[in-house]
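So this one's upload32.json, JSON, N, CA and C atoms:
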[["chain", "number", "residue", "atom", "x", "y", "z"],
["E", 1, "PHE", "N", -86.52, 9.01, 52.83],
["E", 1, "PHE", "CA", -85.88, 9.28, 51.55],
["E", 1, "PHE", "C", -85.22, 10.65, 51.54],
["E", 2, "ILE", "N", -85.89, 11.66, 52.09],
["E", 2, "ILE", "CA", -85.33, 13.01, 52.12],
["E", 2, "ILE", "C", -84.11, 13.05, 53.03],
["E", 3, "ILE", "N", -84.17, 12.31, 54.13],
["E", 3, "ILE", "CA", -83.02, 12.27, 55.05],
["E", 3, "ILE", "C", -81.83, 11.61, 54.36],
["E", 4, "LEU", "N", -82.09, 10.59, 53.55],
["E", 4, "LEU", "CA", -81.02, 9.93, 52.81],
["E", 4, "LEU", "C", -80.38, 10.89, 51.82],
["E", 5, "LEU", "N", -81.19, 11.62, 51.06],
["E", 5, "LEU", "CA", -80.64, 12.57, 50.10],
["E", 5, "LEU", "C", -79.89, 13.71, 50.79],
["E", 6, "THR", "N", -80.42, 14.20, 51.89],
["E", 6, "THR", "CA", -79.75, 15.25, 52.64],
["E", 6, "THR", "C", -78.42, 14.76, 53.18],
["E", 7, "SER", "N", -78.39, 13.56, 53.67],
["E", 7, "SER", "CA", -77.14, 12.99, 54.17],
["E", 7, "SER", "C", -76.13, 12.82, 53.05],
["E", 8, "LEU", "N", -76.59, 12.42, 51.88],
["E", 8, "LEU", "CA", -75.71, 12.26, 50.73],
["E", 8, "LEU", "C", -75.11, 13.61, 50.32],
["E", 9, "VAL", "N", -75.91, 14.64, 50.27],
["E", 9, "VAL", "CA", -75.42, 15.97, 49.91],
["E", 9, "VAL", "C", -74.43, 16.46, 50.97],
["E", 10, "TYR", "N", -74.73, 16.24, 52.23],
["E", 10, "TYR", "CA", -73.82, 16.63, 53.32],
["E", 10, "TYR", "C", -72.49, 15.90, 53.20],
["E", 11, "TYR", "N", -72.53, 14.60, 52.94],
["E", 11, "TYR", "CA", -71.31, 13.82, 52.80],
["E", 11, "TYR", "C", -70.48, 14.32, 51.61],
["E", 12, "LEU", "N", -71.13, 14.56, 50.48],
["E", 12, "LEU", "CA", -70.42, 15.02, 49.30],
["E", 12, "LEU", "C", -69.83, 16.42, 49.50],
["E", 13, "SER", "N", -70.52, 17.27, 50.26],
["E", 13, "SER", "CA", -70.00, 18.62, 50.49],
["E", 13, "SER", "C", -68.79, 18.60, 51.42],
["E", 14, "ILE", "N", -68.73, 17.63, 52.32],
["E", 14, "ILE", "CA", -67.56, 17.50, 53.20],
["E", 14, "ILE", "C", -66.40, 16.88, 52.43],
["E", 15, "LYS", "N", -66.71, 15.90, 51.60],
["E", 15, "LYS", "CA", -65.67, 15.22, 50.82],
["E", 15, "LYS", "C", -65.06, 16.15, 49.78],
["E", 16, "ASN", "N", -65.88, 16.90, 49.06],
["E", 16, "ASN", "CA", -65.42, 17.83, 48.03],
["E", 16, "ASN", "C", -66.03, 19.20, 48.29],
["E", 17, "PRO", "N", -65.41, 20.00, 49.16],
["E", 17, "PRO", "CA", -66.02, 21.30, 49.47],
["E", 17, "PRO", "C", -66.02, 22.23, 48.25],
["E", 18, "TRP", "N", -67.01, 23.12, 48.22],
["E", 18, "TRP", "CA", -67.12, 24.06, 47.12],
["E", 18, "TRP", "C", -66.03, 25.11, 47.21],
["E", 19, "LYS", "N", -65.65, 25.63, 46.04],
["E", 19, "LYS", "CA", -64.68, 26.71, 46.01],
["E", 19, "LYS", "C", -65.30, 27.96, 46.60],
["E", 20, "LYS", "N", -64.55, 28.66, 47.40],
["E", 20, "LYS", "CA", -65.05, 29.88, 47.99],
["E", 20, "LYS", "C", -64.53, 31.06, 47.18],
["E", 21, "ASN", "N", -65.45, 31.80, 46.57],
["E", 21, "ASN", "CA", -65.07, 32.98, 45.81],
["E", 21, "ASN", "C", -65.18, 34.20, 46.71],
["E", 22, "GLU", "N", -64.15, 35.00, 46.72],
["E", 22, "GLU", "CA", -64.17, 36.22, 47.52],
["E", 22, "GLU", "C", -64.94, 37.32, 46.81],
["E", 23, "LYS", "N", -64.95, 37.27, 45.49],
["E", 23, "LYS", "CA", -65.57, 38.34, 44.71],
["E", 23, "LYS", "C", -66.72, 37.75, 43.87],
["E", 24, "LEU", "N", -67.84, 38.45, 43.84],
["E", 24, "LEU", "CA", -68.96, 38.00, 43.03],
["E", 24, "LEU", "C", -68.72, 38.36, 41.57],
["E", 25, "GLU", "N", -69.22, 37.52, 40.69],
["E", 25, "GLU", "CA", -69.01, 37.72, 39.27],
["E", 25, "GLU", "C", -69.88, 38.86, 38.72],
["E", 26, "LYS", "N", -69.49, 39.38, 37.58],
["E", 26, "LYS", "CA", -70.21, 40.48, 36.93],
["E", 26, "LYS", "C", -71.67, 40.11, 36.59],
["E", 27, "PRO", "N", -71.96, 38.88, 36.09],
["E", 27, "PRO", "CA", -73.36, 38.55, 35.79],
["E", 27, "PRO", "C", -74.28, 38.63, 36.99],
["E", 28, "PHE", "N", -73.76, 38.40, 38.19],
["E", 28, "PHE", "CA", -74.58, 38.52, 39.40],
["E", 28, "PHE", "C", -75.10, 39.93, 39.57],
["E", 29, "PHE", "N", -74.22, 40.91, 39.44],
["E", 29, "PHE", "CA", -74.62, 42.30, 39.61],
["E", 29, "PHE", "C", -75.53, 42.77, 38.48],
["E", 30, "LEU", "N", -75.27, 42.29, 37.26],
["E", 30, "LEU", "CA", -76.15, 42.63, 36.14],
["E", 30, "LEU", "C", -77.55, 42.03, 36.34],
["E", 31, "THR", "N", -77.60, 40.83, 36.91],
["E", 31, "THR", "CA", -78.89, 40.21, 37.20],
["E", 31, "THR", "C", -79.66, 41.03, 38.23],
["E", 32, "LEU", "N", -78.98, 41.50, 39.27],
["E", 32, "LEU", "CA", -79.64, 42.37, 40.25],
["E", 32, "LEU", "C", -80.15, 43.65, 39.60],
["E", 33, "LEU", "N", -79.34, 44.23, 38.73],
["E", 33, "LEU", "CA", -79.75, 45.45, 38.03],
["E", 33, "LEU", "C", -81.00, 45.20, 37.20],
["E", 34, "PHE", "N", -81.05, 44.07, 36.50],
["E", 34, "PHE", "CA", -82.21, 43.80, 35.66],
["E", 34, "PHE", "C", -83.43, 43.38, 36.46],
["E", 35, "PHE", "N", -83.26, 42.88, 37.68],
["E", 35, "PHE", "CA", -84.42, 42.67, 38.54],
["E", 35, "PHE", "C", -85.03, 44.00, 38.97],
["E", 36, "ILE", "N", -84.18, 44.99, 39.21],
["E", 36, "ILE", "CA", -84.69, 46.33, 39.52],
["E", 36, "ILE", "C", -85.41, 46.90, 38.30],
["E", 37, "LEU", "N", -84.81, 46.72, 37.12],
["E", 37, "LEU", "CA", -85.47, 47.16, 35.89],
["E", 37, "LEU", "C", -86.79, 46.43, 35.68],
["E", 38, "PHE", "N", -86.84, 45.15, 36.03],
["E", 38, "PHE", "CA", -88.07, 44.37, 35.92],
["E", 38, "PHE", "C", -89.17, 44.97, 36.80],
["E", 39, "VAL", "N", -88.83, 45.31, 38.03],
["E", 39, "VAL", "CA", -89.82, 45.88, 38.94],
["E", 39, "VAL", "C", -90.34, 47.21, 38.39],
["E", 40, "LEU", "N", -89.44, 48.05, 37.92],
["E", 40, "LEU", "CA", -89.87, 49.35, 37.38],
["E", 40, "LEU", "C", -90.71, 49.18, 36.12],
["E", 41, "THR", "N", -90.29, 48.29, 35.24],
["E", 41, "THR", "CA", -91.06, 48.04, 34.01],
["E", 41, "THR", "C", -92.42, 47.45, 34.34],
["E", 42, "SER", "N", -92.48, 46.57, 35.31],
["E", 42, "SER", "CA", -93.75, 45.95, 35.69],
["E", 42, "SER", "C", -94.72, 46.97, 36.27],
["E", 43, "ILE", "N", -94.20, 47.90, 37.04],
["E", 43, "ILE", "CA", -95.07, 48.90, 37.68],
["E", 43, "ILE", "C", -95.56, 49.92, 36.67],
["E", 44, "PHE", "N", -94.66, 50.44, 35.85],
["E", 44, "PHE", "CA", -95.01, 51.58, 35.00],
["E", 44, "PHE", "C", -95.45, 51.22, 33.59],
["E", 45, "LEU", "N", -95.04, 50.08, 33.05],
["E", 45, "LEU", "CA", -95.42, 49.73, 31.68],
["E", 45, "LEU", "C", -96.32, 48.50, 31.64],
["E", 46, "ASP", "N", -95.71, 47.32, 31.86],
["E", 46, "ASP", "CA", -96.48, 46.08, 31.79],
["E", 46, "ASP", "C", -95.69, 44.95, 32.43],
["E", 47, "PHE", "N", -96.40, 44.08, 33.12],
["E", 47, "PHE", "CA", -95.78, 42.95, 33.80],
["E", 47, "PHE", "C", -95.11, 42.01, 32.80],
["E", 48, "PHE", "N", -95.77, 41.73, 31.68],
["E", 48, "PHE", "CA", -95.23, 40.78, 30.72],
["E", 48, "PHE", "C", -94.08, 41.37, 29.92],
["E", 49, "LEU", "N", -94.11, 42.64, 29.70],
["E", 49, "LEU", "CA", -92.97, 43.31, 29.08],
["E", 49, "LEU", "C", -91.76, 43.22, 30.02],
["E", 50, "GLY", "N", -92.00, 43.38, 31.32],
["E", 50, "GLY", "CA", -90.93, 43.24, 32.31],
["E", 50, "GLY", "C", -90.35, 41.84, 32.34],
["E", 51, "ILE", "N", -91.21, 40.82, 32.28],
["E", 51, "ILE", "CA", -90.72, 39.44, 32.27],
["E", 51, "ILE", "C", -89.92, 39.16, 31.01],
["E", 52, "ALA", "N", -90.39, 39.67, 29.88],
["E", 52, "ALA", "CA", -89.68, 39.45, 28.62],
["E", 52, "ALA", "C", -88.29, 40.08, 28.64],
["E", 53, "VAL", "N", -88.21, 41.32, 29.11],
["E", 53, "VAL", "CA", -86.92, 42.01, 29.19],
["E", 53, "VAL", "C", -86.00, 41.29, 30.18],
["E", 54, "LEU", "N", -86.54, 40.92, 31.33],
["E", 54, "LEU", "CA", -85.74, 40.23, 32.34],
["E", 54, "LEU", "C", -85.20, 38.90, 31.81],
["E", 55, "SER", "N", -86.06, 38.09, 31.22],
["E", 55, "SER", "CA", -85.61, 36.78, 30.75],
["E", 55, "SER", "C", -84.60, 36.90, 29.61],
["E", 56, "PHE", "N", -84.77, 37.90, 28.74],
["E", 56, "PHE", "CA", -83.83, 38.12, 27.65],
["E", 56, "PHE", "C", -82.45, 38.47, 28.19],
["E", 57, "PHE", "N", -82.38, 39.50, 29.03],
["E", 57, "PHE", "CA", -81.08, 39.98, 29.48],
["E", 57, "PHE", "C", -80.41, 39.06, 30.49],
["E", 58, "VAL", "N", -81.16, 38.43, 31.36],
["E", 58, "VAL", "CA", -80.53, 37.50, 32.31],
["E", 58, "VAL", "C", -79.95, 36.31, 31.55],
["E", 59, "SER", "N", -80.67, 35.79, 30.58],
["E", 59, "SER", "CA", -80.14, 34.69, 29.77],
["E", 59, "SER", "C", -78.89, 35.13, 29.02],
["E", 60, "PHE", "N", -78.91, 36.35, 28.49],
["E", 60, "PHE", "CA", -77.75, 36.87, 27.76],
["E", 60, "PHE", "C", -76.53, 37.01, 28.67],
["E", 61, "PHE", "N", -76.72, 37.61, 29.84],
["E", 61, "PHE", "CA", -75.58, 37.84, 30.71],
["E", 61, "PHE", "C", -75.06, 36.57, 31.37],
["E", 62, "TRP", "N", -75.87, 35.53, 31.44],
["E", 62, "TRP", "CA", -75.39, 34.27, 32.00],
["E", 62, "TRP", "C", -74.85, 33.33, 30.94],
["E", 63, "GLY", "N", -74.68, 33.84, 29.70],
["E", 63, "GLY", "CA", -73.91, 33.07, 28.72],
["E", 63, "GLY", "C", -74.59, 32.71, 27.42],
["E", 64, "GLU", "N", -75.89, 32.86, 27.30],
["E", 64, "GLU", "CA", -76.56, 32.51, 26.05],
["E", 64, "GLU", "C", -76.36, 33.66, 25.06],
["E", 65, "LYS", "N", -75.71, 33.38, 23.93],
["E", 65, "LYS", "CA", -75.42, 34.42, 22.95],
["E", 65, "LYS", "C", -76.22, 34.27, 21.66],
["E", 66, "ARG", "N", -76.97, 33.19, 21.52],
["E", 66, "ARG", "CA", -77.74, 32.98, 20.28],
["E", 66, "ARG", "C", -79.03, 33.80, 20.36],
["E", 67, "ILE", "N", -79.12, 34.77, 19.47],
["E", 67, "ILE", "CA", -80.23, 35.73, 19.49],
["E", 67, "ILE", "C", -81.58, 35.04, 19.31],
["E", 68, "LEU", "N", -81.66, 34.05, 18.44],
["E", 68, "LEU", "CA", -82.93, 33.35, 18.22],
["E", 68, "LEU", "C", -83.42, 32.71, 19.51],
["E", 69, "TYR", "N", -82.54, 32.07, 20.26],
["E", 69, "TYR", "CA", -82.94, 31.45, 21.53],
["E", 69, "TYR", "C", -83.32, 32.49, 22.57],
["E", 70, "LEU", "N", -82.61, 33.61, 22.57],
["E", 70, "LEU", "CA", -82.95, 34.67, 23.51],
["E", 70, "LEU", "C", -84.34, 35.23, 23.23],
["E", 71, "ILE", "N", -84.65, 35.40, 21.96],
["E", 71, "ILE", "CA", -85.98, 35.90, 21.59],
["E", 71, "ILE", "C", -87.05, 34.87, 21.94],
["E", 72, "LEU", "N", -86.77, 33.60, 21.67],
["E", 72, "LEU", "CA", -87.74, 32.55, 22.02],
["E", 72, "LEU", "C", -87.98, 32.49, 23.52],
["E", 73, "VAL", "N", -86.92, 32.60, 24.31],
["E", 73, "VAL", "CA", -87.07, 32.57, 25.76],
["E", 73, "VAL", "C", -87.89, 33.76, 26.23],
["E", 74, "SER", "N", -87.64, 34.94, 25.64],
["E", 74, "SER", "CA", -88.36, 36.14, 26.08],
["E", 74, "SER", "C", -89.81, 36.16, 25.61],
["E", 75, "ILE", "N", -90.18, 35.29, 24.70],
["E", 75, "ILE", "CA", -91.58, 35.19, 24.27],
["E", 75, "ILE", "C", -92.28, 34.01, 24.96],
["E", 76, "ILE", "N", -91.61, 32.87, 25.01],
["E", 76, "ILE", "CA", -92.23, 31.65, 25.54],
["E", 76, "ILE", "C", -92.40, 31.72, 27.06],
["E", 77, "PHE", "N", -91.39, 32.20, 27.79],
["E", 77, "PHE", "CA", -91.49, 32.23, 29.25],
["E", 77, "PHE", "C", -92.64, 33.11, 29.75],
["E", 78, "PRO", "N", -92.79, 34.34, 29.26],
["E", 78, "PRO", "CA", -93.96, 35.13, 29.70],
["E", 78, "PRO", "C", -95.29, 34.49, 29.30],
["E", 79, "SER", "N", -95.31, 33.82, 28.15],
["E", 79, "SER", "CA", -96.54, 33.15, 27.71],
["E", 79, "SER", "C", -96.92, 32.02, 28.66],
["E", 80, "ILE", "N", -95.93, 31.26, 29.10],
["E", 80, "ILE", "CA", -96.20, 30.17, 30.04],
["E", 80, "ILE", "C", -96.67, 30.72, 31.38],
["E", 81, "VAL", "N", -96.05, 31.81, 31.84],
["E", 81, "VAL", "CA", -96.48, 32.44, 33.08],
["E", 81, "VAL", "C", -97.93, 32.91, 32.96],
["E", 82, "PHE", "N", -98.26, 33.54, 31.83],
["E", 82, "PHE", "CA", -99.61, 34.03, 31.63],
["E", 82, "PHE", "C", -100.62, 32.89, 31.60],
["E", 83, "ILE", "N", -100.32, 31.84, 30.85],
["E", 83, "ILE", "CA", -101.23, 30.71, 30.75],
["E", 83, "ILE", "C", -101.44, 30.07, 32.13],
["E", 84, "PHE", "N", -100.36, 29.90, 32.88],
["E", 84, "PHE", "CA", -100.48, 29.27, 34.19],
["E", 84, "PHE", "C", -101.32, 30.11, 35.14],
["E", 85, "PHE", "N", -101.01, 31.38, 35.26],
["E", 85, "PHE", "CA", -101.70, 32.20, 36.24],
["E", 85, "PHE", "C", -103.10, 32.62, 35.79],
["E", 86, "GLU", "N", -103.25, 33.00, 34.53],
["E", 86, "GLU", "CA", -104.54, 33.49, 34.06],
["E", 86, "GLU", "C", -105.54, 32.36, 33.82],
["E", 87, "MET", "N", -105.12, 31.35, 33.09],
["E", 87, "MET", "CA", -106.07, 30.33, 32.66],
["E", 87, "MET", "C", -106.20, 29.19, 33.66],
["E", 88, "ILE", "N", -105.13, 28.79, 34.30],
["E", 88, "ILE", "CA", -105.19, 27.66, 35.22],
["E", 88, "ILE", "C", -105.59, 28.11, 36.62],
["E", 89, "LEU", "N", -104.93, 29.16, 37.13],
["E", 89, "LEU", "CA", -105.24, 29.63, 38.48],
["E", 89, "LEU", "C", -106.35, 30.66, 38.52],
["E", 90, "GLY", "N", -106.66, 31.26, 37.38],
["E", 90, "GLY", "CA", -107.73, 32.23, 37.32],
["E", 90, "GLY", "C", -107.39, 33.58, 37.93],
["E", 91, "LEU", "N", -106.12, 33.93, 37.94],
["E", 91, "LEU", "CA", -105.71, 35.22, 38.48],
["E", 91, "LEU", "C", -105.60, 36.24, 37.36],
["E", 92, "ARG", "N", -106.08, 37.43, 37.60],
["E", 92, "ARG", "CA", -106.04, 38.49, 36.60],
["E", 92, "ARG", "C", -104.84, 39.40, 36.87],
["E", 93, "PHE", "N", -104.11, 39.72, 35.81],
["E", 93, "PHE", "CA", -102.93, 40.57, 35.94],
["E", 93, "PHE", "C", -103.32, 42.04, 35.85],
["E", 94, "PRO", "N", -102.50, 42.93, 36.42],
["E", 94, "PRO", "CA", -102.81, 44.35, 36.34],
["E", 94, "PRO", "C", -102.74, 44.86, 34.89],
["E", 95, "ALA", "N", -103.47, 45.91, 34.64],
["E", 95, "ALA", "CA", -103.51, 46.47, 33.29],
["E", 95, "ALA", "C", -102.15, 47.01, 32.90],
["E", 96, "GLY", "N", -101.84, 46.87, 31.64],
["E", 96, "GLY", "CA", -100.58, 47.36, 31.09],
["E", 96, "GLY", "C", -100.67, 47.37, 29.58],
["E", 97, "ILE", "N", -99.57, 47.61, 28.93],
["E", 97, "ILE", "CA", -99.54, 47.71, 27.47],
["E", 97, "ILE", "C", -100.00, 46.41, 26.81],
["E", 98, "ILE", "N", -99.43, 45.30, 27.20],
["E", 98, "ILE", "CA", -99.74, 44.01, 26.56],
["E", 98, "ILE", "C", -101.03, 43.42, 27.12],
["E", 99, "THR", "N", -101.25, 43.50, 28.41],
["E", 99, "THR", "CA", -102.44, 42.89, 28.99],
["E", 99, "THR", "C", -103.72, 43.61, 28.56],
["E", 100, "ASN", "N", -103.65, 44.88, 28.21],
["E", 100, "ASN", "CA", -104.83, 45.58, 27.70],
["E", 100, "ASN", "C", -105.33, 44.98, 26.38],
["E", 101, "PHE", "N", -104.41, 44.45, 25.57],
["E", 101, "PHE", "CA", -104.84, 43.80, 24.33],
["E", 101, "PHE", "C", -105.67, 42.55, 24.64],
["E", 102, "TYR", "N", -105.29, 41.83, 25.68],
["E", 102, "TYR", "CA", -106.01, 40.60, 26.02],
["E", 102, "TYR", "C", -107.32, 40.89, 26.73],
["E", 103, "TYR", "N", -107.31, 41.80, 27.69],
["E", 103, "TYR", "CA", -108.48, 42.04, 28.50],
["E", 103, "TYR", "C", -109.55, 42.88, 27.80],
["E", 104, "ASN", "N", -109.19, 43.66, 26.83],
["E", 104, "ASN", "CA", -110.18, 44.50, 26.14],
["E", 104, "ASN", "C", -110.67, 43.89, 24.88]]

Target encoding structure tokens, full file:
Amino acid sequence: FIILLTSLVYYLSIKNPWKKNEKLEKPFFLTLLFFILFVLTSIFLDFFLGIAVLSFFVSFFWGEKRILYLILVSIIFPSIVFIFFEMILGLRFPAGIITNFYYN
């Protein structure tokens, strides 16, 4: 089955090749910048604050302009990450501003 799907993708890519862009778009560079901001925020402030900021700004720069949805994404995504890793996998996150409220 995987070989069939791979062959189909290969055939479609030969039939209709992708456009080759010489220059990367502005959202790409902004995404890289916010990944660096995410790492710094995660190290010095809090991991979940970093995820919230990253998900908000990456969604914004890739085209989502509705503030309500941006706020929901920046709240729901870190919550899902926390539930999955903390409660399902049993992994404890490093101490930070938000995680101290939960762990203490």

Taking every listed atom of stretch 40-46 of chain E and adding 8 Å to each side, what centre and edge lengths in Å (one decimal) does the axis-aligned box have, as lines of an AutoDock Vina configuration file?
center_x = -93.0
center_y = 48.3
center_z = 34.8
size_x = 23.0
size_y = 22.6
size_z = 22.3

>> Give me the residues near E:Phe44 as a VMD selection string, where near means some atom within 8 Å (using only N, CA and C atoms) and where sequence neighbours in that chain fewer than 3 positions away do not count.
In response: chain E and resid 38 to 41 47 95 to 97

>> Taking the DSSP secondary structure from the backbone, can you list the residues of chain E that are helix (DSSP H, G or I), as a ChimeraX atom specification?
In response: /E:2-15,26-44,47-61,67-88,99-103

> Of the residues E:Leu89, E:Val53, E:Lys20, E:Thr99, which is the one nearest to E:Leu72, using only C-alpha atoms?
Replying inline: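 Looking at the shortest contact to E:Leu72, the residue is E:Val53.
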
> Which residue gives the smallest distance to E:Leu49 among E:Gly90, E:Pro17, E:Pro78, E:Gly63, with only C-alpha atoms counted?
Replying inline: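 Of all the options, E:Pro78 lies closest to E:Leu49.
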
>> With distances taken over only C-alpha atoms, which residue among E:Ile2, E:Ile14, E:Val9, E:Leu45 lies nearest E:Ile98?
In response: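 Closest candidate: E:Leu45.
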
>> So the first atom is atom N of E:Phe61 and the second is atom N of E:Phe93; what is the distance between them in Å, to one decimal place?
In response: 28.1 Å
